[in-house]
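Enquirer: Just dropping this structure here.
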Amino acid sequence: MLYYSTQNPSHKASFKEATIKGQAPERGLYFPETIPTLPDALFKNLQSLTKEEIALQVIAPFVGDTIPHGVLKNIVANTVDFNFPLVQVDDGIYALELFHGPTLAFKDVGARFMSQCLGYFMQNENKKVTVLVATSGDTGGAVANGFYDVDGVDVVILYPSGKVSSIQELQLTTLGKNITALEIDGTFDDCQHMVKAAFNDFALADALFLTSANSINVARWLPQQFYYFFAYQQWQQKNKPPVIAVPSGNFGNICAGLMAFRLGLPVQHFVAACNANDAVADYLQKGKYAAKPAVPTLSNAMDVGDPSNFVRLLHLFNNDHHSIQKILSAYRVSDETTKKTIQDVYAKNRYLLDPHGAVGYNALQQYLQGKPAGAGIFLETAHPVKFYDVVEPVIDNAVPIPKAVQELFCKKKKSIKMNASATELKAFLLERK
């Protein structure tokens with residue numbers, strides 16, 4: 001399997017090269033040259049397969065021969081060694097809970113897979129690699145956990161000051177060792193632009209071995225397909241594929257779901273659940289894309305005004321707006337509606353949503369309205385405790401705090417404040433050389 005750059009299709013790279021480089025030249029993203037077809041036997045035997053067996057069959061064509069089968073099997077097993085339960089919340093509405101991993105967020109899957117792949121690829125290298133990542137919330141904690149204390153790897157995480165939850169901030173600022181947190185005076189889009197500028201700086205490329213752990217990296221993006229297959233394995237209505245609503249910010253997660261669909265996974269329709277940051281929702285309605293300044297919301301991990309993975313969405317469907325509209329819709333959910341959704345679902349069903357899951361739930365409801373026999377799944381992407389300061393006042397009750405989170409409150413935040421400046425980031429990175 002080769003990958004081409006979305007900016008320059010003549011540029012090709014193996015899975016290994018794409019993982020190590022992170023971003024393609026000229027600010028492009030790597031995209032598979034061909035989309036594989038999974039064997040019919042996978043879907044026929046899905047009920048009898050383990051999570052590890054499913055995930056291995058899904059990812060193997062994308063990895064090719066860059067990782068030996070036995071090594072890849074172990075990487076996959078370590079990636080998915082926690083639960084992904086499909087839980088009924090209301091009539092016809094189910095939550096796929098993706099918060100049972102070490103940092104209580106869906107990004108544990110991609111971060112764990114990528115860290116192990118990169119560790120394998122770099123094991124015989126004599127130079128240190130710097131993993132540079134921007135986060136709107138959960139990516140930072142997942143990447144920090146996945147790469148913590150890994151030999152030969154430094155991790156530098158950029159996050160927008162005051163725009164991540166208190167627990168998210170503790171998860172990415174309290175580890176120390178090879179993990180450094182840069183607190184940026186700006187938005188997530190500013191952080192993302194700084195990271196992209198670093199990858200396209202020839203002086204930095206000559207001085208440092210840089211790679212990315214954002215969903216722009218294929219090794220972070222592609223394994224997110226796994227849990228869509230796990231959801232379908234648990235889906236009882238096999239004669240009627242589900243509608244799947246995905247809280248969408250940088251659009252890596254829903255693009256992974258759409259890739260799973262292209263591989264043959266039965267899905268009736270996808271719903272991009274958006275907050276006030278609705279550039280892609282506008283595109284779906286109007287056929288024209290225009291980036292917007294990011295707007296802060298309660299669902300902060302989705303506060304992205306110019307989603308990096310939008311270009312992958314286009315390449316998945318050959319830039320055909322009509323084809324995209326057939327499989328994907330988008331709905332906007334305000335902060336007020338987010339709070340009301342959390343409140344109503346908790347009062348009626350005693351199910352506690354986090355703000356992102358609430359956006360997903362409400363968007364799914366909007367899509368299913370007027371479809372009496374409709375049923376679907378929304379992705380509950382993070383544990384509500386990560387947003388206890390938002391959730392508790394809404395439900396007028398305390399959110400139970402897992403032991404791993406209790407331990408965070410005893411740790412001291414360590415971050416380096418920085419302006420939203422690519423020049424300052426470059427100077428910082430060169431000083432660390």
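Letters for chains follow the order of the structure tokens (A, B, ...), residue numbers begin at 1 for each chain, and ligand numbers begin at 1 in the order shown.
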Among the residues of stretch 148-275 of chain A, find those DSSP assigns to strand (DSSP E) from the backbone and print them as a PyMOL selection string.
Expert: chain A and resi 153-160+179-185+209-212+243-247+269-274
Enquirer: Neighbouring residues of A:Thr187 were defined as those with any atom within 7 Å, considering only C-alpha atoms; residues of the same chain fewer than 4 positions away were excluded. Please report them as a list in words.
Expert: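 Selected residues are Pro160, Cys191 and Ala294 of chain A.
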Enquirer: Just want the 10 Å neighbourhood of A:Pro384, counted on only C-alpha atoms, with same-chain residues fewer than 4 positions away dropped. Output as an MDAnalysis selection string.
Expert: chainID A and resid 99 104:105 352:357 380 388:392 399:401
Enquirer: Contacts of A:Arg27 at 9 Å or less, counting only C-alpha atoms, minus same-chain residues fewer than 6 places along, as a ChimeraX atom specification?
Expert: /A:5-7,196-197,199-200
Enquirer: For A:Leu46, which residue out of A:Thr34, A:Leu132, A:Glu97, A:Phe230 is the nearest one, using only C-alpha atoms?
Expert: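 Counting only C-alpha atoms, the residue closest to A:Leu46 is A:Phe230.
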Enquirer: Please provide the set of residues having any atom within 12 Å of A:Asn74, restricted to only C-alpha atoms, with same-chain residues fewer than 2 positions apart removed, written as JSON, numbers by chain.
Expert: {"A": [52, 53, 55, 56, 67, 68, 69, 70, 71, 72, 76, 77, 78, 79, 80, 81, 112, 113, 116, 117, 120]}
Enquirer: Tell me which protein, DNA and RNA residues are within 12 Å of A:Gln406, counting only C-alpha atoms, leaving out same-chain ones fewer than 5 positions away, and put them as a VMD selection string.
Expert: chain A and resid 167 170 to 171 385 to 386 400 to 401 411
